[in-house]
Amino acid sequence: MRICLAFLLALGGLRAAGPETILLRGATVHPVTGPDIADGSVLLRDGKIAEVGAHLAVPKGARVIELKGLHVYPGMIDSSTEIGLSEIGAVREMNDVSDIGLFKPQLRAATAVNPASEHIPVTRANGITSVITSPGGGIVAGQSVLMHLSGWTMEDMAVRSPAAMRLEFPRIQTPGGRFGGGEGPPGRTSAYADAKKRYEQQMRDLNDFMESARRYQQAKSAGGPDFETDLKMEAMLPVLEGKLPMLIRAEKEKVIKEAIAFADKQKVHMILERGTEGWKVAAELKSHNIPVVLPPSYRLPDAEDDPYDKPFSVPGELSKAGVTIAFASFGPGSENNPRNLPYEAAVAVGFGLPREEALKAVTIYPARIWGAGDELGSIEKGKWADLIVTDGDPLETRTQIKQMFIKGAPVDLENKHHRLYEKYLAR
Amino acid sequence: MKRAALFLMALPLVAAGPPIVIRNATVLTVTKGTFQGSILIRDGKIVEAGEKVMVPEGARVIEAAGQYVMPGIIDCHSHIAADSINEGAVAVSSMVGIEDVINPDDPDIYRALAGGVTTANVLHGSANPIGGKCQVMKMRWGKDAQGLIFEGAMPGIKFALGENVKRSGSPGNGFGATPGLRYPASRMGVEDVIREAFTEARAYQKEWRDYQAKLDRHEQAIPPRRDLKLEPLVEVLEGKRYVHAHCYRADEILMLLKVADDFGFKIRTLQHVLEGYKVAREIAEHGTGASTFSDWWAYKAEAYDAIPYNAAIMVRKGVLVSLNSDSAELMRHLNTEAAKAMKYGGLNETEALSLVTINPAKQLSIENRVGSIEPGKDADLAIFDKHPLSNYAKVEKVFIDGELYFDREKDMEERPVKEAKKKALIDKEKAQEKKDRRRPGQEGAPAADKKTEEPGGGQ
């Protein structure tokens, strides 16, 4: 064990130039998109999966890693995080998630991700190999990035940048909260009326903004002499052209319906984010072919009189209705740890989601949702070799992640937490 | 009337139903191993637990083949079932207590129950160095406020250190200098507030002792004026009230242990104690318990060195450790939180389950009543469909005092009925609204709303 660790350390958590060719052998291989392969092999070459099957021959110069009794799965994908943007959420200086203003399509998460964030190795240790990191705040918050959780720079890490344009759909927001906020000044009608006015204004602003972007698109293609570049408008062009999806955050039924109507009218490709009441509009989501980035399963019911297990059963209900789903942690935060992504998926299994679907919703489904279905999310020839080696079911807490490969290279599973553990255990 | 009430309170809160036998389950006793067998419950207590138990005539038999029974889960840090949490206007709020604000209608009680929780230590918030009094409760959903109280549990009080406490003293550039800010604004001030309070409490204790001494000598004496803030602190000094102290960093943990030593009392539990692993030896030496999160970290500066191995290291160094929720949501799956202590630090199954059962019971001194499956203990039990340390497991039934408080099957059956009732209410409301709209100027009509839309309207 120790030798193995030392060996991995020597290789470095971060890839040296040109990864070696590696043959993983003797494990149960779980391709996710196909049947499991007992005593299976996976060949890693040039960062990609070169071959998968039972009893592959050892190519010349390949290093063989024997994995008898272990399992190989594709690395898991977290479909909504702030990893790299927020180191300590409460410390302003360490938080780059949101900026000033309501319409900021030109802001790119990829710009501000810190590749040396402690959250990256901590999250990796539980089998997550790539994540979506998104900007937040305002209405059009900016551009999300889909990235591998390994690399010296964003250049190494990015799979898709941008992967989506994130929109926090306007809604009526009244003050509330248990530990502090309270209900604001007395007279709730007044607070509600103000919130409603604010919401109506924001809806007008959003529609105006889309209209401006369209006019800009026309002006640009007309190519008149007075045309001036506008970076905000420029950033919206891929959305209007249908090349970049909009990740639209909406929770309540009413807001989700409005978001769907908006996406229809604006002809944008929509991914629903959170959609806590998405189960109420499952048929519409299905008929519009809108995938859902699920809210954390580990949350309280959204309404006081919802069944106690509603948050646990929703993934199964949406899946049954034919909606494509992906799990997400929305972390890092106190209750939202990206490293707990597999457990968010597992809890839904107890309440009706088939186990294979749960596994797909942290692997191949998110890969497809983020337009990387031919690059990530399963063990198939030609995809990035983002793999994990486990001693059991990766959705179970007690399972240990033994090894990890990202872009075909072994990844160090050591992290700040384990280092502190060893240090203080020895005290 | 008063006598009747007292009489009722003295009665144990148990429905005298027929005996119950939970049969053919995997029984995780936590303290006496795991076996395939049955449990006999009578008068709210566990009478027998073994591979074969006698089934008395008329007993209600619950077939639990393939299922798992564990002791009801105990959460040593919760804020559910209370109307309010923080009295933060003062740095010492020991005069207030959760007992006075119990809300038995909080749906989080039922939700916790559905996660296998039967007992919770409900704490005051962390706004001040010395906070309000705590209340240990059983999740007896449907009972009134008095009915939730864990009768006979040791009283407790919340202390808090670090960032939450400092916050009210330091908005932006303030550092306590701005008028109206509440002292303390630093960890130095936190220590001072606690020392000042116990210095006062000692003087107050002496006043009462002197008074008592005079009475004992049959001298004339005027009783001191009662001080509701200092009374609970005197109880702490006299070992009659437990201190549950919110803390994060190793330095502040050691500070508090030192203060307690200097004043001659014990800290019963350190709560959160995310850097407890750094000073586990000192915590163990002080005989203090630790109640921590499984894996929260990095949400604030003082949580940046938090590690998920915290519980395991402290266990290995001899600290009595529990895992808590501090969250109505996390509370619903403390069983799988316990599984994390196996993943991080390699505790075994029994050690892991102890973190949410017998250990918190010991921390609250209720281990003679709850926390394990043993004859003589309260029949507080949770039945799971799979091993409770599996993420795929869900709770099927929960008993408290031998009474069935949660039954998944029944919950599922009642759903359509509740849906129909809700729909009828909404339809009725809508019909009424329609009627009102036809009569403008009445309550609820647009014209009446207009008035209250003005800022400050209705004041």
# chains A, B, ... in the order shown; residues from 1 in each chain; ligands from 1
>>> closest_atom_pairs(of="chain A", to="chain B", cutoff="9 Å", atoms="only C-alpha atoms", output="JSON lines")
{"residue": "A:Glu87", "atom": "CA", "partner": "B:Ala298", "partner_atom": "CA", "distance": 6.9}
{"residue": "A:Ile88", "atom": "CA", "partner": "B:Ala298", "partner_atom": "CA", "distance": 5.0}
{"residue": "A:Gly89", "atom": "CA", "partner": "B:Tyr299", "partner_atom": "CA", "distance": 5.1}
{"residue": "A:Ala90", "atom": "CA", "partner": "B:Lys300", "partner_atom": "CA", "distance": 5.0}
{"residue": "A:Val91", "atom": "CA", "partner": "B:Lys300", "partner_atom": "CA", "distance": 6.6}
{"residue": "A:His119", "atom": "CA", "partner": "B:Ala298", "partner_atom": "CA", "distance": 8.9}
{"residue": "A:Arg178", "atom": "CA", "partner": "B:Ser84", "partner_atom": "CA", "distance": 8.1}
{"residue": "A:Phe179", "atom": "CA", "partner": "B:Ile85", "partner_atom": "CA", "distance": 7.2}
{"residue": "A:Gly180", "atom": "CA", "partner": "B:Asn86", "partner_atom": "CA", "distance": 8.9}
{"residue": "A:Pro185", "atom": "CA", "partner": "B:Gly456", "partner_atom": "CA", "distance": 7.3}
{"residue": "A:Pro186", "atom": "CA", "partner": "B:Gln459", "partner_atom": "CA", "distance": 7.0}
{"residue": "A:Gly187", "atom": "CA", "partner": "B:Gly458", "partner_atom": "CA", "distance": 6.0}
{"residue": "A:Arg188", "atom": "CA", "partner": "B:Thr452", "partner_atom": "CA", "distance": 8.7}
{"residue": "A:Thr189", "atom": "CA", "partner": "B:Glu453", "partner_atom": "CA", "distance": 6.1}
{"residue": "A:Ser190", "atom": "CA", "partner": "B:Glu453", "partner_atom": "CA", "distance": 4.4}
{"residue": "A:Ala191", "atom": "CA", "partner": "B:Glu453", "partner_atom": "CA", "distance": 8.0}
{"residue": "A:Tyr192", "atom": "CA", "partner": "B:Glu453", "partner_atom": "CA", "distance": 8.6}
{"residue": "A:Ala193", "atom": "CA", "partner": "B:Glu453", "partner_atom": "CA", "distance": 6.5}
{"residue": "A:Asp194", "atom": "CA", "partner": "B:Glu453", "partner_atom": "CA", "distance": 8.2}
{"residue": "A:Tyr298", "atom": "CA", "partner": "B:Glu329", "partner_atom": "CA", "distance": 6.9}
{"residue": "A:Arg299", "atom": "CA", "partner": "B:Glu329", "partner_atom": "CA", "distance": 5.7}
{"residue": "A:Leu300", "atom": "CA", "partner": "B:Glu329", "partner_atom": "CA", "distance": 5.5}
{"residue": "A:Glu304", "atom": "CA", "partner": "B:Pro107", "partner_atom": "CA", "distance": 7.0}
{"residue": "A:Asp305", "atom": "CA", "partner": "B:Pro107", "partner_atom": "CA", "distance": 8.4}
{"residue": "A:Pro307", "atom": "CA", "partner": "B:Arg415", "partner_atom": "CA", "distance": 7.6}
{"residue": "A:Tyr308", "atom": "CA", "partner": "B:Arg111", "partner_atom": "CA", "distance": 5.8}
{"residue": "A:Asp309", "atom": "CA", "partner": "B:Arg111", "partner_atom": "CA", "distance": 8.4}
{"residue": "A:Pro332", "atom": "CA", "partner": "B:Tyr299", "partner_atom": "CA", "distance": 7.5}
{"residue": "A:Gly333", "atom": "CA", "partner": "B:Tyr299", "partner_atom": "CA", "distance": 5.3}
{"residue": "A:Ser334", "atom": "CA", "partner": "B:Trp296", "partner_atom": "CA", "distance": 5.1}
{"residue": "A:Glu335", "atom": "CA", "partner": "B:Trp296", "partner_atom": "CA", "distance": 6.5}
{"residue": "A:Asn336", "atom": "CA", "partner": "B:Trp296", "partner_atom": "CA", "distance": 8.2}
{"residue": "A:Asn337", "atom": "CA", "partner": "B:Trp296", "partner_atom": "CA", "distance": 7.4}
{"residue": "A:Tyr343", "atom": "CA", "partner": "B:Asn391", "partner_atom": "CA", "distance": 6.5}
{"residue": "A:Glu344", "atom": "CA", "partner": "B:Asn391", "partner_atom": "CA", "distance": 8.8}
{"residue": "A:Ala346", "atom": "CA", "partner": "B:Asn391", "partner_atom": "CA", "distance": 5.7}
{"residue": "A:Val347", "atom": "CA", "partner": "B:Tyr392", "partner_atom": "CA", "distance": 5.6}
{"residue": "A:Ala348", "atom": "CA", "partner": "B:Tyr392", "partner_atom": "CA", "distance": 7.8}
{"residue": "A:Val349", "atom": "CA", "partner": "B:Tyr392", "partner_atom": "CA", "distance": 6.1}
{"residue": "A:Gly350", "atom": "CA", "partner": "B:Tyr392", "partner_atom": "CA", "distance": 4.7}
{"residue": "A:Phe351", "atom": "CA", "partner": "B:Lys394", "partner_atom": "CA", "distance": 8.0}
{"residue": "A:Leu395", "atom": "CA", "partner": "B:Asn391", "partner_atom": "CA", "distance": 7.6}
{"residue": "A:Glu396", "atom": "CA", "partner": "B:Asn391", "partner_atom": "CA", "distance": 5.8}
{"residue": "A:Thr397", "atom": "CA", "partner": "B:Lys340", "partner_atom": "CA", "distance": 6.2}
{"residue": "A:Arg398", "atom": "CA", "partner": "B:Lys343", "partner_atom": "CA", "distance": 5.1}
{"residue": "A:Thr399", "atom": "CA", "partner": "B:Lys343", "partner_atom": "CA", "distance": 7.1}
{"residue": "A:Gln400", "atom": "CA", "partner": "B:Lys343", "partner_atom": "CA", "distance": 6.9}
{"residue": "A:Lys416", "atom": "CA", "partner": "B:Ile307", "partner_atom": "CA", "distance": 8.4}
{"residue": "A:His417", "atom": "CA", "partner": "B:Ile307", "partner_atom": "CA", "distance": 5.1}
{"residue": "A:His418", "atom": "CA", "partner": "B:Tyr309", "partner_atom": "CA", "distance": 7.8}
{"residue": "A:Leu420", "atom": "CA", "partner": "B:Ile307", "partner_atom": "CA", "distance": 7.6}
{"residue": "A:Tyr421", "atom": "CA", "partner": "B:Tyr309", "partner_atom": "CA", "distance": 6.2}
{"residue": "A:Tyr424", "atom": "CA", "partner": "B:Lys278", "partner_atom": "CA", "distance": 5.9}
{"residue": "A:Leu425", "atom": "CA", "partner": "B:Ile313", "partner_atom": "CA", "distance": 6.1}
{"residue": "A:Arg427", "atom": "CA", "partner": "B:Lys278", "partner_atom": "CA", "distance": 8.2}
>>> residues_around(residues="Ala385 in chain A", least_positions_apart="3", cutoff="9 Å", atoms="only C-alpha atoms", output="JSON, numbers by chain")
{"A": [43, 44, 45, 46, 47, 48, 49, 50, 74, 75, 375, 376, 379, 380, 382, 405, 406, 407, 408, 409]}
>>> atom_distance(atom1="CA of Pro296 in chain A", atom2="CA of Gly352 in chain A")
16.0 Å
>>> residues_around(residues="Arg202 in chain B", least_positions_apart="2", cutoff="9 Å", atoms="only C-alpha atoms", output="PyMOL selection string")
chain B and resi 197-200+204-207+230+233-234+237+263
>>> atom_distance(atom1="CA of Gly61 in chain A", atom2="CA of Thr28 in chain A")
23.7 Å
>>> residues_around(residues="Ala38 in chain A", least_positions_apart="4", cutoff="10 Å", atoms="only C-alpha atoms", output="list in words")
Gly26, Ala27, Thr28, Val29, His30, Gly53, Ala54, His55, Gly69 and His71 of chain A
>>> atom_distance(atom1="CA of Ala120 in chain B", atom2="CA of Ile74 in chain B")
5.6 Å
>>> residues_around(residues="Leu256 in chain B", least_positions_apart="2", cutoff="9 Å", atoms="only C-alpha atoms", output="PyMOL selection string")
chain B and resi 161+191+194+245+251-254+258-261+267
>>> select_by_dssp(residues="range 97-145 of chain B", states="strand (DSSP E or B)", output="list in words")
Gly97, Ile102, Val117, Thr118, Thr119, Ala120, Asn121, Val122, Ile130, Gly131, Gly132, Lys133, Cys134, Gln135, Val136, Met137 and Lys138 of chain B
>>> select_by_dssp(residues="range 107-306 of chain B", states="alpha helix (DSSP H)", output="VMD selection string")
chain B and resid 107 to 113 145 to 148 163 to 167 187 to 216 230 to 237 250 to 263 280 to 286
>>> closest_residue(among="A:Met210, A:Val42, A:Ile100, A:Leu413", to="Lys383 in chain A", atoms="only C-alpha atoms")
A:Val42
>>> residues_around(residues="Ala213 in chain A", least_positions_apart="5", cutoff="10 Å", atoms="only C-alpha atoms", output="VMD selection string")
chain A and resid 207 to 208 218 to 219 230 232 to 237 239 to 240
